[in-house]
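As provided, input.cif (mmCIF, C-alpha atoms) reads as follows.
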data_target
loop_
_atom_site.label_atom_id
_atom_site.label_comp_id
_atom_site.auth_asym_id
_atom_site.auth_seq_id
_atom_site.Cartn_x
_atom_site.Cartn_y
_atom_site.Cartn_z
CA MET A 1 -34.62 6.18 -1.63
CA SER A 2 -34.68 2.51 -0.56
CA ASN A 3 -36.08 1.56 2.86
CA THR A 4 -33.15 -0.37 4.31
CA ALA A 5 -29.41 -0.48 3.74
CA GLN A 6 -26.58 -2.43 5.37
CA ALA A 7 -22.82 -2.04 5.71
CA GLY A 8 -20.16 -4.01 7.55
CA THR A 9 -19.91 -7.62 8.67
CA LEU A 10 -20.10 -9.71 11.82
CA GLU A 11 -16.38 -10.52 11.59
CA SER A 12 -14.09 -9.77 14.51
CA MET A 13 -13.33 -6.04 14.98
CA ASP A 14 -16.20 -5.12 12.64
CA CYS A 15 -19.88 -4.31 13.09
CA LEU A 16 -22.98 -4.75 10.95
CA VAL A 17 -25.01 -1.58 10.58
CA THR A 18 -28.60 -1.71 9.33
CA ALA A 19 -30.15 1.65 8.52
CA THR A 20 -33.91 1.88 7.99
CA GLN A 21 -35.88 4.92 6.86
CA GLY A 22 -38.32 5.93 9.62
CA VAL A 23 -41.63 7.75 9.23
CA PRO A 24 -41.39 11.56 8.99
CA GLY A 25 -40.94 13.11 12.43
CA SER A 26 -39.80 9.86 14.08
CA GLY A 27 -36.23 11.16 14.63
CA VAL A 28 -33.02 9.15 14.87
CA LYS A 29 -33.17 5.91 16.87
CA VAL A 30 -30.01 3.92 17.61
CA GLU A 31 -29.92 0.35 18.92
CA ILE A 32 -26.56 -1.22 19.72
CA THR A 33 -26.05 -4.90 20.57
CA GLY A 34 -22.97 -7.09 20.79
CA SER A 35 -19.70 -7.56 22.62
CA SER A 36 -18.88 -3.94 23.52
CA ALA A 37 -22.42 -2.60 23.81
CA ALA A 38 -22.71 -2.92 27.59
CA ARG A 39 -19.45 -1.12 28.40
CA PHE A 40 -19.11 1.44 25.61
CA LYS A 41 -22.69 2.14 24.62
CA SER A 42 -22.67 5.87 25.34
CA ALA A 43 -19.35 6.47 23.51
CA MET A 44 -20.62 4.44 20.58
CA GLU A 45 -23.90 6.34 20.46
CA LYS A 46 -21.96 9.60 20.47
CA LYS A 47 -19.90 8.46 17.47
CA VAL A 48 -23.00 7.28 15.60
CA ASN A 49 -24.77 10.58 16.22
CA GLU A 50 -21.74 12.55 14.98
CA VAL A 51 -21.89 10.71 11.64
CA VAL A 52 -25.70 11.05 11.40
CA VAL A 53 -25.45 14.82 11.95
CA SER A 54 -22.54 15.24 9.50
CA LEU A 55 -24.57 13.55 6.76
CA GLY A 56 -27.75 15.44 7.60
CA ALA A 57 -29.74 12.21 8.02
CA LYS A 58 -33.20 12.49 9.61
CA ASP A 59 -35.86 10.00 10.70
CA ILE A 60 -33.57 6.97 10.65
CA ASP A 61 -33.53 3.74 12.66
CA LEU A 62 -30.02 2.39 13.09
CA SER A 63 -29.44 -1.12 14.33
CA ILE A 64 -25.80 -1.94 15.09
CA GLN A 65 -24.53 -5.45 15.81
CA ASP A 66 -21.05 -4.93 17.17
CA ASN A 67 -18.21 -7.42 17.26
CA GLY A 68 -15.44 -5.26 18.71
CA ALA A 69 -15.32 -2.45 16.14
CA ILE A 70 -13.10 0.48 17.12
CA ASP A 71 -14.48 4.00 16.89
CA LEU A 72 -13.33 4.74 13.34
CA VAL A 73 -14.68 1.43 12.00
CA LEU A 74 -18.06 2.14 13.60
CA GLY A 75 -18.06 5.61 12.03
CA ALA A 76 -17.13 4.23 8.60
CA ARG A 77 -19.81 1.54 8.67
CA VAL A 78 -22.54 3.97 9.77
CA GLU A 79 -21.48 6.40 7.04
CA ALA A 80 -21.54 3.63 4.41
CA ALA A 81 -25.00 2.39 5.45
CA LEU A 82 -26.46 5.91 5.55
CA LYS A 83 -24.99 6.88 2.17
CA LYS A 84 -26.42 3.70 0.67
CA LEU A 85 -29.84 4.41 2.21
CA MET A 86 -29.83 8.03 1.12
CA GLY A 87 -28.83 7.03 -2.40
CA GLY A 88 -25.35 8.49 -2.23
CA ALA A 89 -23.54 5.19 -2.75
CA LYS A 90 -22.47 4.22 -6.24
CA MET B 91 13.50 1.41 2.57
CA ARG B 92 10.96 -0.70 0.75
CA ARG B 93 12.10 -4.23 1.51
CA THR B 94 8.53 -5.34 2.17
CA MET B 95 5.14 -3.79 1.36
CA LEU B 96 2.22 -5.71 2.89
CA TYR B 97 -1.17 -5.89 1.16
CA LEU B 98 -4.14 -5.38 3.51
CA PRO B 99 -7.70 -6.04 2.23
CA GLY B 100 -9.45 -2.67 2.22
CA ASN B 101 -12.72 -3.96 3.65
CA ASN B 102 -11.23 -5.92 6.55
CA PRO B 103 -11.04 -3.86 9.79
CA ASN B 104 -9.18 -6.59 11.62
CA MET B 105 -6.24 -6.48 9.19
CA LEU B 106 -6.37 -2.71 8.77
CA VAL B 107 -6.13 -2.21 12.55
CA ARG B 108 -3.25 -4.67 13.04
CA GLY B 109 -1.39 -4.26 9.73
CA TYR B 110 1.36 -1.95 10.93
CA LEU B 111 2.25 -4.25 13.84
CA PHE B 112 3.72 -6.92 11.55
CA GLY B 113 6.87 -4.87 10.87
CA SER B 114 6.79 -4.40 7.10
CA ASP B 115 8.41 -1.27 5.64
CA GLY B 116 5.21 -0.35 3.85
CA LEU B 117 1.48 -1.07 3.73
CA ILE B 118 -0.82 -1.32 0.71
CA LEU B 119 -4.47 -0.80 1.65
CA ASP B 120 -6.15 -2.65 -1.20
CA LEU B 121 -9.29 -1.34 -2.89
CA GLU B 122 -8.81 -3.46 -6.01
CA ASP B 123 -8.64 -7.26 -6.18
CA ALA B 124 -9.21 -7.86 -2.46
CA VAL B 125 -12.59 -6.11 -2.56
CA ALA B 126 -15.75 -7.53 -4.21
CA VAL B 127 -17.59 -5.21 -6.59
CA ALA B 128 -20.58 -4.93 -4.22
CA GLU B 129 -18.24 -3.76 -1.42
CA LYS B 130 -16.24 -1.12 -3.33
CA GLU B 131 -18.00 1.87 -1.76
CA ASN B 132 -17.92 0.38 1.76
CA ALA B 133 -14.19 -0.35 1.45
CA ARG B 134 -13.46 3.12 0.10
CA ILE B 135 -15.23 4.72 3.09
CA LEU B 136 -13.48 2.40 5.55
CA VAL B 137 -10.02 3.05 4.07
CA SER B 138 -10.71 6.78 4.06
CA HIS B 139 -11.56 6.67 7.80
CA PHE B 140 -8.39 4.67 8.49
CA LEU B 141 -6.25 7.17 6.59
CA ARG B 142 -7.79 9.96 8.65
CA GLN B 143 -7.59 8.36 12.08
CA GLY B 144 -5.79 5.01 11.87
CA GLU B 145 -2.42 4.02 13.29
CA PHE B 146 0.37 3.05 10.87
CA GLY B 147 3.59 3.32 12.93
CA ASP B 148 6.60 4.02 10.70
CA CYS B 149 5.17 2.25 7.65
CA GLU B 150 4.99 3.95 4.27
CA VAL B 151 1.25 4.02 3.57
CA THR B 152 -0.09 3.47 0.07
CA VAL B 153 -3.46 2.46 -1.37
CA ARG B 154 -3.95 0.21 -4.37
CA ILE B 155 -6.71 1.96 -6.28
CA ASN B 156 -8.95 0.42 -8.90
CA GLY B 157 -7.66 0.46 -12.47
CA LEU B 158 -8.00 3.42 -14.79
CA ASP B 159 -10.27 1.29 -16.98
CA THR B 160 -12.89 1.09 -14.18
CA GLU B 161 -15.57 3.50 -12.97
CA TYR B 162 -14.05 3.56 -9.47
CA TRP B 163 -10.59 5.09 -9.64
CA LYS B 164 -11.55 8.79 -9.50
CA ASP B 165 -13.82 8.19 -6.50
CA ASP B 166 -10.96 6.24 -4.89
CA LEU B 167 -8.61 9.21 -5.28
CA ALA B 168 -11.20 11.71 -4.02
CA ALA B 169 -11.65 9.61 -0.86
CA ILE B 170 -7.99 8.93 -0.04
CA VAL B 171 -5.77 11.73 -1.37
CA PRO B 172 -6.94 14.42 1.14
CA HIS B 173 -5.53 12.44 4.07
CA LYS B 174 -2.01 13.14 5.33
CA SER B 175 -1.23 9.49 6.11
CA LEU B 176 -1.40 8.63 2.42
CA GLN B 177 2.02 8.68 0.80
CA GLY B 178 1.28 7.07 -2.51
CA VAL B 179 -1.11 5.20 -4.75
CA ARG B 180 -0.39 1.84 -6.34
CA VAL B 181 -2.10 1.68 -9.70
CA PRO B 182 -2.84 -1.63 -11.44
CA LYS B 183 -2.35 -2.54 -15.09
CA VAL B 184 -0.31 0.45 -16.23
CA GLU B 185 0.42 -0.02 -19.93
CA ASP B 186 2.08 3.19 -21.06
CA ALA B 187 3.24 6.68 -20.10
CA GLY B 188 -0.11 8.15 -21.15
CA MET B 189 -1.91 6.34 -18.32
CA VAL B 190 0.55 7.72 -15.77
CA LYS B 191 -0.01 11.23 -17.12
CA ILE B 192 -3.79 10.86 -16.80
CA LEU B 193 -3.37 9.69 -13.20
CA ASP B 194 -0.87 12.48 -12.48
CA GLU B 195 -3.34 15.11 -13.73
CA GLU B 196 -6.19 13.77 -11.63
CA LEU B 197 -3.95 13.59 -8.56
CA SER B 198 -2.93 17.22 -9.09
CA HIS B 199 -6.59 18.18 -9.43
CA VAL B 200 -7.56 16.45 -6.15
CA GLU B 201 -4.50 17.78 -4.32
CA GLU B 202 -5.19 21.33 -5.47
CA LYS B 203 -8.86 21.07 -4.51
CA ASN B 204 -7.91 19.97 -0.99
CA GLY B 205 -5.09 22.45 -0.39
CA ILE B 206 -2.38 19.79 -0.52
CA PRO B 207 1.01 20.54 -2.11
CA VAL B 208 0.76 19.36 -5.72
CA GLY B 209 3.01 16.36 -6.28
CA ARG B 210 2.89 15.04 -2.72
CA THR B 211 1.18 11.77 -3.65
CA LYS B 212 3.62 9.30 -5.19
CA ILE B 213 2.73 6.72 -7.83
CA PHE B 214 3.66 3.03 -7.72
CA CYS B 215 3.05 1.42 -11.11
CA LEU B 216 2.05 -2.22 -11.48
CA LEU B 217 3.09 -3.48 -14.92
CA GLU B 218 0.86 -6.51 -15.37
CA THR B 219 0.81 -6.93 -19.13
CA ALA B 220 3.46 -7.57 -21.77
CA GLN B 221 2.83 -4.06 -23.10
CA GLY B 222 3.31 -2.53 -19.66
CA VAL B 223 6.59 -4.35 -19.10
CA TRP B 224 7.79 -3.39 -22.60
CA ASN B 225 7.10 0.29 -21.77
CA ALA B 226 8.61 0.11 -18.27
CA TYR B 227 11.20 2.87 -18.73
CA ASP B 228 8.72 5.31 -20.32
CA VAL B 229 6.22 4.59 -17.53
CA ALA B 230 8.86 5.22 -14.86
CA LYS B 231 9.85 8.52 -16.51
CA ALA B 232 6.28 9.69 -17.21
CA SER B 233 5.93 11.71 -13.99
CA PRO B 234 8.20 12.85 -11.16
CA ARG B 235 5.61 11.24 -8.87
CA VAL B 236 6.62 7.72 -9.94
CA ALA B 237 8.43 6.12 -7.00
CA ALA B 238 8.58 2.51 -8.15
CA ILE B 239 7.68 0.04 -10.85
CA ILE B 240 6.47 -3.45 -10.03
CA PRO B 241 6.07 -6.41 -12.38
CA GLY B 242 2.77 -8.28 -12.29
CA GLY B 243 2.50 -11.90 -11.20
CA GLU B 244 -0.62 -13.83 -12.11
CA ASP B 245 -2.00 -11.25 -14.57
CA LEU B 246 1.31 -10.92 -16.40
CA VAL B 247 1.72 -14.68 -16.65
CA ALA B 248 -1.81 -14.97 -18.08
CA ASP B 249 -1.04 -12.22 -20.61
CA LEU B 250 2.13 -14.09 -21.61
CA LYS B 251 -0.05 -17.18 -22.24
CA THR B 252 1.93 -19.33 -19.84
CA SER B 253 1.57 -20.44 -16.21
CA ARG B 254 3.41 -19.70 -12.98
CA SER B 255 6.18 -22.18 -12.11
CA PRO B 256 7.97 -22.61 -8.77
CA GLU B 257 11.22 -21.45 -10.44
CA GLY B 258 9.63 -18.32 -11.91
CA THR B 259 11.22 -18.92 -15.33
CA GLU B 260 8.35 -17.14 -17.09
CA LEU B 261 8.85 -13.94 -15.04
CA GLU B 262 12.63 -13.83 -15.26
CA TRP B 263 12.94 -11.51 -18.25
CA ALA B 264 10.28 -9.12 -16.92
CA ARG B 265 12.11 -8.93 -13.60
CA ARG B 266 15.46 -8.15 -15.25
CA MET B 267 13.74 -5.57 -17.45
CA MET B 268 12.15 -3.98 -14.37
CA VAL B 269 15.51 -3.46 -12.66
CA PHE B 270 17.11 -1.98 -15.78
CA ALA B 271 14.17 0.38 -16.41
CA ALA B 272 13.97 1.41 -12.75
CA ARG B 273 17.68 2.14 -12.45
CA ALA B 274 17.76 4.02 -15.75
CA ALA B 275 14.79 6.14 -14.62
CA GLY B 276 15.96 6.59 -11.02
CA VAL B 277 13.01 4.86 -9.32
CA ASP B 278 12.72 1.74 -7.14
CA ALA B 279 12.19 -1.75 -8.52
CA LEU B 280 9.80 -3.73 -6.31
CA ASP B 281 8.94 -7.35 -6.95
CA THR B 282 5.56 -9.04 -7.21
CA VAL B 283 4.11 -11.23 -4.43
CA PHE B 284 5.12 -14.81 -3.69
CA PRO B 285 1.76 -16.60 -3.72
CA ARG B 286 2.58 -19.85 -1.86
CA VAL B 287 2.27 -18.53 1.71
CA THR B 288 3.38 -21.73 3.45
CA ASP B 289 6.46 -22.32 1.26
CA ASP B 290 9.09 -20.47 3.33
CA GLU B 291 12.06 -22.01 1.55
CA GLY B 292 10.63 -21.14 -1.86
CA LEU B 293 10.11 -17.55 -0.69
CA ARG B 294 13.66 -17.35 0.64
CA ARG B 295 15.05 -18.61 -2.70
CA GLU B 296 12.95 -16.14 -4.68
CA ALA B 297 13.86 -13.22 -2.40
CA ALA B 298 17.58 -14.05 -2.72
CA PHE B 299 17.20 -14.23 -6.51
CA ILE B 300 15.45 -10.88 -6.88
CA LYS B 301 17.87 -9.22 -4.44
CA GLN B 302 20.74 -10.45 -6.63
CA LEU B 303 18.98 -9.03 -9.72
CA GLY B 304 18.95 -5.64 -8.00
CA PHE B 305 15.39 -5.26 -6.66
CA ASP B 306 14.77 -2.95 -3.68
CA GLY B 307 12.11 -5.18 -2.13
CA LYS B 308 9.04 -7.27 -2.59
CA SER B 309 5.27 -7.06 -2.15
CA VAL B 310 3.90 -9.33 0.56
CA ILE B 311 0.53 -11.01 1.04
CA HIS B 312 1.08 -12.66 4.44
CA PRO B 313 2.74 -11.28 7.58
CA ASN B 314 4.82 -14.49 7.95
CA GLN B 315 6.66 -13.57 4.74
CA ILE B 316 8.05 -10.31 6.19
CA PRO B 317 10.89 -11.59 8.44
CA ILE B 318 12.09 -14.00 5.74
CA ILE B 319 12.45 -11.22 3.16
CA HIS B 320 14.04 -8.85 5.66
CA ASP B 321 16.51 -11.55 6.59
CA VAL B 322 17.51 -11.91 2.92
CA PHE B 323 17.65 -8.16 2.25
CA ASN B 324 19.40 -7.09 5.45
CA PRO B 325 23.18 -6.88 5.06
CA THR B 326 25.15 -9.59 6.89
CA GLU B 327 27.67 -8.74 9.65
CA LYS B 328 30.45 -9.48 7.17
CA GLU B 329 28.96 -7.15 4.55
CA ILE B 330 28.57 -4.37 7.13
CA GLU B 331 32.13 -4.81 8.40
CA SER B 332 33.52 -4.68 4.86
CA ALA B 333 31.37 -1.66 3.96
CA LEU B 334 32.53 0.23 7.06
CA LYS B 335 36.16 -0.38 6.11
CA ILE B 336 35.58 0.77 2.52
CA VAL B 337 33.74 3.95 3.46
CA ALA B 338 36.31 4.85 6.13
CA ALA B 339 39.18 4.25 3.68
CA ALA B 340 37.46 6.35 1.01
CA LYS B 341 36.95 9.19 3.48
CA GLU B 342 40.60 9.10 4.48
CA ALA B 343 41.70 8.99 0.82
CA ALA B 344 39.51 11.99 0.01
CA ALA B 345 41.02 13.91 2.94
CA ARG B 346 44.49 13.19 1.55
CA GLY B 347 43.45 14.16 -1.96
CA LEU B 348 43.68 10.63 -3.37
CA GLY B 349 41.25 8.94 -5.79
CA ALA B 350 41.23 5.16 -5.63
CA VAL B 351 42.59 3.34 -2.58
CA SER B 352 43.20 -0.27 -1.68
CA VAL B 353 41.27 -2.12 1.06
CA ASP B 354 42.27 -5.70 1.93
CA GLY B 355 44.14 -5.96 -1.36
CA ARG B 356 41.18 -4.81 -3.48
CA MET B 357 40.99 -1.55 -5.38
CA VAL B 358 38.23 0.69 -4.06
CA ASP B 359 36.87 3.33 -6.40
CA VAL B 360 33.64 5.33 -6.64
CA PRO B 361 31.17 2.50 -7.57
CA VAL B 362 32.53 0.29 -4.78
CA VAL B 363 32.15 3.13 -2.27
CA LYS B 364 28.60 3.83 -3.47
CA ARG B 365 27.69 0.16 -3.02
CA ALA B 366 29.25 0.14 0.47
CA GLU B 367 27.28 3.26 1.41
CA TYR B 368 24.08 1.57 0.24
CA VAL B 369 24.86 -1.46 2.44
CA LEU B 370 25.31 0.85 5.43
CA LEU B 371 22.09 2.70 4.61
CA LYS B 372 20.21 -0.62 4.63
CA ALA B 373 21.88 -1.47 7.96
CA GLY B 374 20.71 1.87 9.38
CA ILE B 375 24.26 3.24 9.75
CA THR B 376 24.53 6.86 8.63
CA GLU B 377 27.74 8.06 10.26
CA VAL B 378 31.16 6.50 9.64
CA GLU B 379 34.17 7.58 11.73
#

Can you give me the file's structure in the form of structure tokens?
Amino acid sequence: MSNTAQAGTLESMDCLVTATQGVPGSGVKVEITGSSAARFKSAMEKKVNEVVVSLGAKDIDLSIQDNGAIDLVLGARVEAALKKLMGGAK
Amino acid sequence: MRRTMLYLPGNNPNMLVRGYLFGSDGLILDLEDAVAVAEKENARILVSHFLRQGEFGDCEVTVRINGLDTEYWKDDLAAIVPHKSLQGVRVPKVEDAGMVKILDEELSHVEEKNGIPVGRTKIFCLLETAQGVWNAYDVAKASPRVAAIIPGGEDLVADLKTSRSPEGTELEWARRMMVFAARAAGVDALDTVFPRVTDDEGLRREAAFIKQLGFDGKSVIHPNQIPIIHDVFNPTEKEIESALKIVAAAKEAAARGLGAVSVDGRMVDVPVVKRAEYVLLKAGITEVE
């Protein structure tokens, strides 16, 4: 398993997700910055957590730079970054 | 109707979100040429999420998968076929009926695995080599899933060892062949893209030419191309008026037990009525008094 993986871009309506493997027992930490973070942070965190749980990821730091990504784009980018980190991506 | 099918890069959320708002008849979410090799997996995941939750209006939704000669196409199908929004896959570089059969089998496998009626996913075949064009009829008949055949543009021209001209001389035979093969097989003939996105007059000329050849529509790479092609493909007021007269006269003749009738001094028989009905279909008129 590699230590860090990224998915997405900083283009409009997209977000850049950086997933980093944390130390065992550190849990899932999510940091969201960018245009929608102030207003929609809790909804975005909920979406991110849904994807993390569905993939069974543990002890992960997720840094998300948002540039207006809608819910499904956020979910897709988190999934892509996590799969890459967990070695699922081809 | 498939007057226009708009390509949307599969890794571009901005275009994927807004694509259906441009008014094309269909959308092609592209996992092939528009996506760099390093981004294939990211694009596949993004397109899969869009098919599950995205908004597409009344557009026919298709995905251009990676070619059958790549390592990606089976993963593409596994990610997209389970979603209801998907109506068909556009497959690049089809060369013969065997390739369509391989794709058909894999589609059936994925559909079955996901509890989807087998045969739901249609196939749109891109014929981008001389061999593919030569085998157009066999390709179109290779599976009941085949909905349309489409000649290649740049790839076909390269395979023909020539270059693309503004007049499209080098593609003329392939286009005629496409219409004949499509009509003989009972599928749609859809044209390749017009690459010069700022040349509106050139696009209008090409659209008029392919409409006259018998094509059902054209692939589109820029939203600005959509209204121009629709304008060419939509029946004119005069065509609609004439078609209404013909269909009404044919109905009346049938009621009186007559075969051919005369409308405005011209004999109207079955092929003329069929053509008039097609004009009305394109104009969105389904009932004639």

Would you list the contacts of Gln21 of chain A as a PyMOL selection string, taking every protein, DNA or RNA residue within 8 Å and counting only C-alpha atoms, but skipping same-chain residues closer than 5 positions in sequence? chain A and resi 2-4+59-61+85

Compare B:Glu131, B:Asp123, B:Glu260, B:Asp115 by their minimum atom-to-atom distance to chain A, counting all atoms listed in the file, and give me the closest one.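 Ranked by minimum distance to chain A, first place goes to B:Glu131.
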
Residue list for chain B near chain A as number ranges by chain, 10 Å, all atoms listed in the file: B: 101-107, 128-140, 142-144, 161-162, 165

Given the PyMOL selection byres ((chain B and resi 173-177) around 6) and the file above, list the residues it selects as a PyMOL selection string. chain B and resi 141-142+151-152+170-172+178+211

Could you write out the selected residues, including C-alpha atoms, as a short mmCIF file (atom, residue, chain, number, x, y, z; two decimals), keeping the file's coordinate frame?
data_model
loop_
_atom_site.label_atom_id
_atom_site.label_comp_id
_atom_site.auth_asym_id
_atom_site.auth_seq_id
_atom_site.Cartn_x
_atom_site.Cartn_y
_atom_site.Cartn_z
CA LEU B 141 -6.25 7.17 6.59
CA ARG B 142 -7.79 9.96 8.65
CA VAL B 151 1.25 4.02 3.57
CA THR B 152 -0.09 3.47 0.07
CA ILE B 170 -7.99 8.93 -0.04
CA VAL B 171 -5.77 11.73 -1.37
CA PRO B 172 -6.94 14.42 1.14
CA GLY B 178 1.28 7.07 -2.51
CA THR B 211 1.18 11.77 -3.65
#

Atom CA of Leu217 of chain B and atom CA of Ala373 of chain B, how far apart in Å? 29.7 Å

Would you kindly identify which residues have an atom no farther than 12 Å from (-21.7, 1.9, 22.1), using all atoms listed in the file and the file's own coordinates, and write them out as a PyMOL selection string? chain A and resi 15+30-49+63-71+74-75

Just want the 7 Å neighbourhood of Arg154 of chain B, counted on only C-alpha atoms, with same-chain residues fewer than 6 positions away dropped. Output as a list in words.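 With the cut-off at 7 Å, the set is Ile118, Leu119, Asp120, Leu121, Glu122, Val179, Arg180 and Val181 of chain B.
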
Output the residue selection produced by the PyMOL selection byres ((chain B and resi 318-320) around 12) on the file above, formatted as number ranges by chain. B: 91-96, 113-115, 281, 283-284, 287-301, 305-310, 312-317, 321-326, 372-373

Of the residues B:Val125, B:Ala338, B:Leu111, B:Ala220, which is the one nearest to Lys251 of chain B, using only C-alpha atoms?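 Using only C-alpha atoms, Lys251 of chain B sits closest to B:Ala220.
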
Give me the result of the PyMOL selection byres ((chain B and resi 275) around 12) on this file, residue by residue, as a ChimeraX atom specification. /B:226-239,268-274,276-279

Fewer than 3 positions away in the same chain doesn't count, so skip those; otherwise give me all residues within 12 Å of Ser352 of chain B, counting all atoms listed in the file, as a PyMOL selection string. chain B and resi 335-340+342-343+348-349+355-359+362-363

Work out how far atom CA of Ala57 of chain A is from atom CA of Gly25 of chain A, in Å to one decimal.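 That distance, rounded to one decimal, is 12.1 Å.
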
Could you please determine the separation between atom CA of Glu262 of chain B and atom CA of Asp249 of chain B in Å, to one decimal place? 14.8 Å

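Residues surrounding Leu82 of chain A within 8 Å are Ala5, Ala19, Val52, Leu55 and Ala57 of chain A [only C-alpha atoms; sequence separation below 6 positions excluded].
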
Provide an axis-aligned box for all listed atoms of segment 37-46 of chain A, padding each side by 6 Å; report its centre and its edge lengths in Å to one decimal, as AutoDock Vina command-line options.
--center_x -21.5 --center_y 3.3 --center_z 24.4 --size_x 16.8 --size_y 24.5 --size_z 19.9
